[in-house]
>>> print(open('input-v4.txt').read())   # compact mmCIF, C-alpha atoms
# COMPACT_ATOMS: atom_id res chain seq x y z
CA MET A 1 -36.55 -15.36 -8.03
CA ASP A 2 -37.69 -16.05 -11.59
CA PRO A 3 -36.48 -19.27 -13.31
CA ALA A 4 -34.26 -17.40 -15.77
CA SER A 5 -32.54 -15.52 -12.98
CA PHE A 6 -32.12 -18.68 -10.94
CA SER A 7 -30.63 -20.54 -13.91
CA ARG A 8 -28.23 -17.73 -14.71
CA THR A 9 -27.05 -17.37 -11.11
CA GLU A 10 -26.66 -21.08 -10.40
CA ALA A 11 -24.96 -21.75 -13.73
CA ASN A 12 -22.33 -19.08 -13.16
CA PRO A 13 -20.86 -19.26 -9.63
CA PRO A 14 -18.02 -16.80 -10.47
CA ASP A 15 -20.62 -14.19 -11.37
CA ARG A 16 -22.47 -14.87 -8.12
CA HIS A 17 -19.24 -14.61 -6.15
CA TYR A 18 -18.39 -11.35 -7.91
CA GLN A 19 -21.75 -9.86 -6.95
CA THR A 20 -21.33 -11.05 -3.36
CA ILE A 21 -17.90 -9.46 -2.97
CA THR A 22 -19.16 -6.29 -4.65
CA ALA A 23 -21.90 -6.14 -2.02
CA ALA A 24 -19.40 -6.81 0.77
CA ILE A 25 -17.12 -4.01 -0.45
CA ALA A 26 -20.08 -1.62 -0.66
CA PHE A 27 -21.11 -2.55 2.90
CA ILE A 28 -17.62 -1.98 4.26
CA ARG A 29 -17.36 1.39 2.52
CA ALA A 30 -20.76 2.50 3.79
CA HIS A 31 -20.07 1.44 7.39
CA ALA A 32 -16.32 2.03 7.70
CA GLY A 33 -16.87 4.64 10.40
CA ALA A 34 -18.47 1.99 12.59
CA GLN A 35 -15.55 -0.42 12.08
CA PRO A 36 -17.76 -3.46 11.34
CA THR A 37 -16.51 -6.89 12.40
CA LEU A 38 -16.01 -9.79 10.03
CA GLU A 39 -19.17 -11.36 11.45
CA GLU A 40 -21.20 -8.23 10.71
CA ILE A 41 -19.90 -7.99 7.15
CA ALA A 42 -20.58 -11.69 6.57
CA ALA A 43 -24.13 -11.36 7.88
CA ALA A 44 -24.78 -8.47 5.50
CA VAL A 45 -24.00 -10.67 2.48
CA HIS A 46 -25.49 -13.88 3.94
CA LEU A 47 -22.26 -15.84 4.23
CA SER A 48 -20.42 -17.44 7.12
CA PRO A 49 -17.38 -15.44 8.34
CA PHE A 50 -15.07 -18.24 7.20
CA HIS A 51 -16.58 -18.38 3.70
CA LEU A 52 -16.50 -14.59 3.32
CA GLN A 53 -12.88 -14.41 4.47
CA ARG A 54 -11.80 -16.98 1.89
CA LEU A 55 -13.94 -15.60 -0.95
CA PHE A 56 -12.97 -11.98 -0.27
CA ALA A 57 -9.26 -12.79 -0.26
CA ASP A 58 -9.64 -14.79 -3.46
CA TRP A 59 -11.40 -11.97 -5.33
CA ALA A 60 -9.98 -8.83 -3.73
CA GLY A 61 -6.51 -10.08 -2.85
CA ILE A 62 -6.76 -8.96 0.78
CA SER A 63 -8.95 -9.76 3.76
CA PRO A 64 -12.04 -7.70 4.71
CA LYS A 65 -10.12 -6.44 7.76
CA ARG A 66 -7.23 -5.23 5.61
CA PHE A 67 -9.61 -3.49 3.24
CA LEU A 68 -11.30 -1.76 6.18
CA GLN A 69 -7.88 -0.74 7.52
CA TYR A 70 -7.02 0.77 4.13
CA LEU A 71 -10.26 2.79 4.02
CA THR A 72 -9.73 3.96 7.60
CA LYS A 73 -6.14 4.92 6.90
CA GLU A 74 -7.04 6.91 3.77
CA TYR A 75 -9.85 8.71 5.62
CA ALA A 76 -7.51 9.54 8.50
CA LYS A 77 -4.86 10.85 6.11
CA ARG A 78 -7.33 13.21 4.44
CA ARG A 79 -8.60 14.51 7.80
CA LEU A 80 -5.09 14.97 9.18
CA ALA A 81 -4.01 16.80 6.03
CA ALA A 82 -7.02 19.10 6.48
CA ALA A 83 -5.63 20.07 9.92
CA ALA A 84 -8.10 18.08 12.03
CA ASP A 85 -6.81 17.19 15.49
CA VAL A 86 -5.67 13.64 16.17
CA LEU A 87 -8.34 12.92 18.79
CA SER A 88 -11.17 13.96 16.47
CA VAL A 89 -9.76 11.97 13.58
CA ALA A 90 -9.50 8.83 15.73
CA ALA A 91 -13.09 9.21 16.93
CA ASP A 92 -14.53 10.01 13.48
CA ALA A 93 -12.69 7.05 11.96
CA GLY A 94 -14.34 4.72 14.48
CA LEU A 95 -11.13 4.02 16.38
CA SER A 96 -11.36 3.74 20.15
CA SER A 97 -8.22 5.73 20.94
CA THR A 98 -5.46 7.87 19.47
CA SER A 99 -3.04 5.00 20.12
CA ARG A 100 -5.02 2.81 17.69
CA LEU A 101 -4.79 5.59 15.10
CA HIS A 102 -1.07 5.86 15.75
CA ASP A 103 -0.55 2.10 15.30
CA LEU A 104 -2.66 2.08 12.12
CA MET A 105 -0.75 4.93 10.48
CA VAL A 106 2.69 3.62 11.43
CA SER A 107 1.88 0.11 10.19
CA CYS A 108 0.31 1.31 6.93
CA GLU A 109 2.23 4.52 6.16
CA ALA A 110 5.45 4.27 8.22
CA MET A 111 4.59 7.73 9.56
CA THR A 112 2.96 8.87 12.78
CA PRO A 113 -0.31 10.84 12.67
CA GLY A 114 1.68 13.92 13.72
CA GLU A 115 4.14 13.52 10.84
CA ILE A 116 1.30 13.09 8.38
CA LYS A 117 -0.61 16.05 9.80
CA SER A 118 2.45 18.29 9.47
CA GLY A 119 3.56 16.96 6.09
CA GLY A 120 6.76 15.66 7.64
CA LEU A 121 7.45 18.85 9.61
CA GLY A 122 10.81 18.62 11.36
CA MET A 123 11.92 15.57 9.37
CA GLU A 124 15.16 15.64 7.41
CA ILE A 125 15.11 13.84 4.07
CA GLY A 126 18.35 13.20 2.25
CA CYS A 127 18.16 13.21 -1.54
CA GLY A 128 20.40 13.17 -4.53
CA PHE A 129 20.87 12.30 -8.18
CA ALA A 130 23.07 9.46 -9.38
CA PRO A 131 23.44 7.24 -12.46
CA SER A 132 21.89 3.79 -12.66
CA PRO A 133 21.99 1.12 -15.39
CA PHE A 134 18.70 2.59 -16.62
CA GLY A 135 19.66 6.26 -16.58
CA GLU A 136 19.87 9.12 -14.12
CA THR A 137 17.90 8.55 -10.93
CA LEU A 138 16.63 10.62 -8.01
CA VAL A 139 16.62 8.81 -4.66
CA ALA A 140 15.64 10.06 -1.23
CA TRP A 141 15.87 8.58 2.24
CA THR A 142 14.73 9.12 5.82
CA ALA A 143 15.94 7.56 9.06
CA ARG A 144 13.57 4.66 8.30
CA GLY A 145 15.06 3.90 4.90
CA LEU A 146 14.78 4.69 1.21
CA CYS A 147 11.54 6.64 0.70
CA HIS A 148 11.69 7.78 -2.93
CA PHE A 149 13.09 6.34 -6.16
CA ALA A 150 12.41 7.88 -9.56
CA PHE A 151 14.05 7.72 -12.95
CA CYS A 152 14.67 11.21 -14.29
CA ILE A 153 12.10 12.03 -16.96
CA ALA A 154 12.21 15.79 -16.24
CA ASP A 155 14.85 18.31 -15.22
CA GLU A 156 16.29 18.24 -11.71
CA ALA A 157 14.27 21.22 -10.46
CA ASP A 158 10.97 19.58 -11.40
CA MET A 159 12.00 16.25 -9.89
CA LEU A 160 12.95 17.91 -6.60
CA ALA A 161 9.73 19.94 -6.60
CA GLU A 162 7.70 16.73 -6.89
CA LEU A 163 9.64 15.19 -4.01
CA SER A 164 9.13 18.29 -1.88
CA ALA A 165 5.38 18.22 -2.60
CA ARG A 166 5.20 14.71 -1.15
CA TRP A 167 6.83 15.89 2.11
CA PRO A 168 5.98 19.62 2.28
CA GLY A 169 7.01 20.08 5.91
CA ALA A 170 10.32 18.26 5.67
CA THR A 171 13.77 19.67 5.00
CA LEU A 172 15.47 18.25 1.91
CA ILE A 173 19.23 17.79 2.20
CA ARG A 174 21.02 17.28 -1.11
CA ASP A 175 23.76 14.63 -1.03
CA ASP A 176 24.63 13.22 -4.45
CA ALA A 177 27.54 11.19 -3.05
CA ARG A 178 25.24 9.33 -0.65
CA ALA A 179 22.74 8.84 -3.47
CA GLY A 180 25.50 7.30 -5.59
CA ALA A 181 26.43 4.92 -2.78
CA LEU A 182 22.82 3.82 -2.44
CA LEU A 183 22.50 3.26 -6.19
CA ARG A 184 25.61 1.07 -6.11
CA GLN A 185 23.93 -1.02 -3.41
CA ILE A 186 20.72 -1.26 -5.41
CA PHE A 187 22.49 -2.09 -8.69
CA PRO A 188 25.73 -3.90 -7.71
CA ALA A 189 28.14 -5.08 -10.38
CA THR A 190 27.43 -8.65 -9.27
CA PRO A 191 23.70 -9.03 -8.47
CA THR A 192 23.15 -10.11 -4.88
CA ARG A 193 20.32 -9.82 -2.39
CA GLY A 194 20.69 -6.51 -0.56
CA ASN A 195 19.63 -5.26 2.83
CA ILE A 196 18.43 -1.75 2.00
CA HIS A 197 15.46 -0.71 4.12
CA LEU A 198 12.53 0.67 2.15
CA VAL A 199 9.58 2.83 3.06
CA LEU A 200 6.92 1.44 0.72
CA ARG A 201 3.82 3.10 -0.67
CA GLY A 202 1.02 0.90 -1.95
CA THR A 203 -2.03 -1.10 -0.97
CA ASN A 204 -1.51 -4.20 1.15
CA PHE A 205 -2.05 -6.35 -1.95
CA GLN A 206 0.42 -4.36 -4.03
CA ILE A 207 3.04 -4.76 -1.34
CA LYS A 208 2.33 -8.52 -1.14
CA VAL A 209 3.02 -8.76 -4.89
CA TRP A 210 6.16 -6.66 -4.50
CA GLU A 211 7.39 -8.94 -1.71
CA ALA A 212 6.67 -11.98 -3.90
CA LEU A 213 8.88 -10.42 -6.57
CA ILE A 214 11.66 -9.91 -4.03
CA ARG A 215 11.60 -13.64 -3.28
CA THR A 216 12.11 -14.42 -6.99
CA GLU A 217 15.64 -15.64 -7.68
CA PHE A 218 17.87 -13.77 -10.12
CA GLY A 219 17.28 -15.04 -13.65
CA GLU A 220 14.10 -16.88 -12.64
CA VAL A 221 11.09 -16.44 -14.94
CA VAL A 222 7.76 -16.19 -13.12
CA SER A 223 4.34 -16.10 -14.79
CA TYR A 224 1.54 -13.79 -13.60
CA ARG A 225 -0.30 -16.86 -12.32
CA GLN A 226 2.70 -18.03 -10.27
CA LEU A 227 3.23 -14.52 -8.92
CA ALA A 228 -0.43 -14.21 -7.91
CA ARG A 229 -0.26 -17.59 -6.17
CA GLN A 230 2.86 -16.53 -4.24
CA ALA A 231 1.06 -13.33 -3.21
CA GLY A 232 -1.82 -15.40 -1.82
CA ALA A 233 -4.37 -14.30 -4.45
CA PRO A 234 -4.47 -16.85 -7.28
CA SER A 235 -7.53 -15.30 -8.94
CA ALA A 236 -5.75 -11.95 -9.30
CA ALA A 237 -3.40 -13.19 -12.02
CA ARG A 238 -5.26 -11.12 -14.62
CA TRP A 239 -4.13 -7.77 -13.20
CA PRO A 240 -0.72 -7.78 -11.48
CA PRO A 241 -0.35 -4.46 -9.63
CA THR A 242 2.80 -2.52 -8.88
CA ALA A 243 4.16 -0.84 -5.77
CA SER A 244 6.58 2.05 -5.53
CA ALA A 245 9.07 3.04 -2.88
CA THR A 246 7.49 6.13 -1.44
CA SER A 247 5.64 5.51 1.84
CA SER A 248 3.90 2.62 3.68
CA PRO A 249 5.06 -0.27 5.86
CA ALA A 250 8.83 -0.25 6.26
CA THR A 251 10.53 -3.50 5.32
CA GLY A 252 14.11 -4.56 5.10
>>> encode(input="input-v4.txt", output="structure tokens")
Amino acid sequence: MDPASFSRTEANPPDRHYQTITAAIAFIRAHAGAQPTLEEIAAAVHLSPFHLQRLFADWAGISPKRFLQYLTKEYAKRRLAAAADVLSVAADAGLSSTSRLHDLMVSCEAMTPGEIKSGGLGMEIGCGFAPSPFGETLVAWTARGLCHFAFCIADEADMLAELSARWPGATLIRDDARAGALLRQIFPATPTRGNIHLVLRGTNFQIKVWEALIRTEFGEVVSYRQLARQAGAPSAARWPPTASATSSPATG
């Protein structure tokens, strides 16, 4: 290493950490099919497993394992949507059994591999339009909970077409009265903490931020830095992400 390079690297630890995590992410992406362990990822970037775990969470907002799970889940979703069989998808994703694929998809998408493969075939999804304090809203729900929430920025036909495209194999059942009842729970006259079950869509980090927002008291002002700290990623305060209610781990 030349003196200039050494001086630049040693004088700027954040830059060095950034490069290290960039390398770790690249390694995980390149070897996702082999399901590398934390020890293997740490060895690839010349860190101890403990140091990598802490540094990765600080910079990326999630652990290396969670990032690997996300990559595996996205790969499995694409293969299932392309009509690949469940056994092949599990093997190609580096998972030891179809049960591991099932657990991964249910925990990350709130859907079984079969439901994803079929686009929700056989599922019934209730949906309807109802007013909210912020305008007309389309909501939809499954047996697991609320799975879609969108303010109406287009006509009803287009809004329903978008919902149908998300769940092409499912049957949509229109029920505006039920939608209105749900909206009254979401936006009560007197704000209170509700108990509506949601089917969330988002990365693990996005959902962590969303859950941190849920824990915020009514009327409480929270800075990005405080929110990032509550989500377990203090260095992520520069770019607070969002999560939408459409499909991932079900929470209540």
>>> closest_residue(input="input-v4.txt", among="A:Lys65, A:Gln35, A:His17, A:Tyr70", to="Leu47 of chain A", atoms="all atoms listed in the file")
A:His17
>>> residues_around(input="input-v4.txt", residues="Ser132 of chain A", least_positions_apart="4", cutoff="9 Å", atoms="only C-alpha atoms", output="list in words")
Glu136, Thr137, Phe151, Gly180, Leu183, Arg184, Ile186 and Phe187 of chain A
>>> residues_around(input="input-v4.txt", residues="Leu182 of chain A", least_positions_apart="6", cutoff="10 Å", atoms="all atoms listed in the file", output="PyMOL selection string")
chain A and resi 128+130+139-141+146+176+188+196
>>> atom_distance(input="input-v4.txt", atom1="atom CA of Asp85 of chain A", atom2="atom CA of Glu162 of chain A")
26.7 Å
>>> closest_residue(input="input-v4.txt", among="A:His102, A:Arg174, A:Arg66, A:Lys117", to="Leu38 of chain A", atoms="all atoms listed in the file")
A:Arg66
>>> residues_around(input="input-v4.txt", residues="His31 of chain A", least_positions_apart="4", cutoff="12 Å", atoms="all atoms listed in the file", output="MDAnalysis selection string")
chainID A and resid 24:27 35:37 40:41 44 68 71:72 92:94
>>> residues_around(input="input-v4.txt", residues="Gly119 of chain A", least_positions_apart="6", cutoff="6 Å", atoms="all atoms listed in the file", output="PyMOL selection string")
chain A and resi 167-169
>>> atom_distance(input="input-v4.txt", atom1="atom CA of Val106 of chain A", atom2="atom CA of Ala177 of chain A")
29.7 Å
>>> atom_distance(input="input-v4.txt", atom1="atom CA of Gly126 of chain A", atom2="atom CA of Ile173 of chain A")
4.7 Å
>>> closest_residue(input="input-v4.txt", among="A:Ile125, A:Val221, A:His148, A:Lys73", to="Thr112 of chain A", atoms="all atoms listed in the file")
A:Lys73
>>> residues_around(input="input-v4.txt", residues="Gln19 of chain A", least_positions_apart="4", cutoff="12 Å", atoms="all atoms listed in the file", output="NGL selection string")
:A and (9 or 12-15 or 23-26 or 45 or 55-56 or 59)
>>> closest_residue(input="input-v4.txt", among="A:Pro113, A:Met105, A:Gly120, A:Asp175", to="Leu138 of chain A", atoms="all atoms listed in the file")
A:Asp175
>>> closest_residue(input="input-v4.txt", among="A:Ala150, A:Val89, A:Leu172, A:Leu160", to="Pro131 of chain A", atoms="only C-alpha atoms")
A:Ala150
>>> closest_residue(input="input-v4.txt", among="A:Phe134, A:Tyr75, A:Phe129, A:Phe149", to="Ala32 of chain A", atoms="all atoms listed in the file")
A:Tyr75
